[in-house]
Amino acid sequence: IEVCKLCAVNRTEEDLKNIENTLVELEEKFDTDLRVEKDFAFHQAIAQGGHNPVISSLLLIITPDILKYYQKYKVCAVPQKTVHAEHREMLQKIKDRDKEGMKELVLRHLANLIDFAKMSAKGDIPEFEYGHI
């Protein structure tokens, strides 16, 4: 949430172009094996647009492990139409510098990931062991 709010406040025109380009690539590759990689590139572009080097660095460190979880457990199984709409809405809020509208949008966008985290914390995911991907 804070990453998206920072981007809405701190983004430049160059950041907007980068975010939009990564979104177009994601939409073009959505039904391919590159979907998750392109999705993370989009979110990384948003983090970079926030101009907080700590957050951008942290994302780069954790992204490989997150990609493994996404691929192994099929975490991101949201329908294409929904994902595209939410990403487009996110881009618009960044363009409009609407940091207040970001919280609800990001929570809605990450709802399936939040549910997955709750399930994994309870041990409700078969073959799920912390640290073993």
# chains A, B, ... in the order shown; residues from 1 in each chain; ligands from 1
$ residues_around --residues "Leu60 in chain A" --least-positions-apart "6" --cutoff "12 Å" --atoms "only C-alpha atoms" --output "number ranges by chain"
A: 40-41, 43-45, 47-48, 53-54, 66-67
$ select_by_dssp --residues "range 71-111 of chain A" --states "helix (DSSP H, G or I)" --output "MDAnalysis selection string"
chainID A and resid 71:73 80:95 99:109 111
$ residues_around --residues "range 96-101 of chain A" --least-positions-apart "6" --cutoff "9 Å" --atoms "only C-alpha atoms" --output "number ranges by chain"
A: 2, 4-11
$ residues_around --residues "range 86-90 of chain A" --least-positions-apart "5" --cutoff "10 Å" --atoms "only C-alpha atoms" --output "number ranges by chain"
A: 4, 8, 20, 23-24, 26-27, 39, 42-43, 46, 80-81, 95-96, 98, 101-102, 105-106, 108-109
$ residues_around --residues "Gln71 in chain A" --least-positions-apart "5" --cutoff "10 Å" --atoms "only C-alpha atoms" --output "list in words"
Asp33, Val36, Glu37, Ile66 and Cys76 of chain A
$ write_last_selection --atoms "N, CA and C atoms" --output "compact mmCIF listing (two decimals), in the first residue's frame"
# COMPACT_ATOMS: atom_id res chain seq x y z
N ASP A 33 3.93 -18.24 -20.12
CA ASP A 33 4.73 -18.58 -18.93
C ASP A 33 5.40 -17.35 -18.33
N VAL A 36 3.86 -14.20 -14.58
CA VAL A 36 4.27 -13.82 -13.22
C VAL A 36 5.47 -12.88 -13.28
N GLU A 37 6.42 -13.19 -14.13
CA GLU A 37 7.61 -12.34 -14.28
C GLU A 37 7.21 -10.92 -14.71
N ILE A 66 9.52 -15.02 -4.11
CA ILE A 66 8.09 -14.83 -4.36
C ILE A 66 7.70 -15.49 -5.68
N CYS A 76 -1.41 -16.71 -8.06
CA CYS A 76 -2.06 -15.67 -8.85
C CYS A 76 -2.94 -16.31 -9.91
$ atom_distance --atom1 "CA of Ala85 in chain A" --atom2 "CA of Tyr69 in chain A"
23.9 Å
$ atom_distance --atom1 "CA of Lys17 in chain A" --atom2 "CA of Leu91 in chain A"
10.3 Å
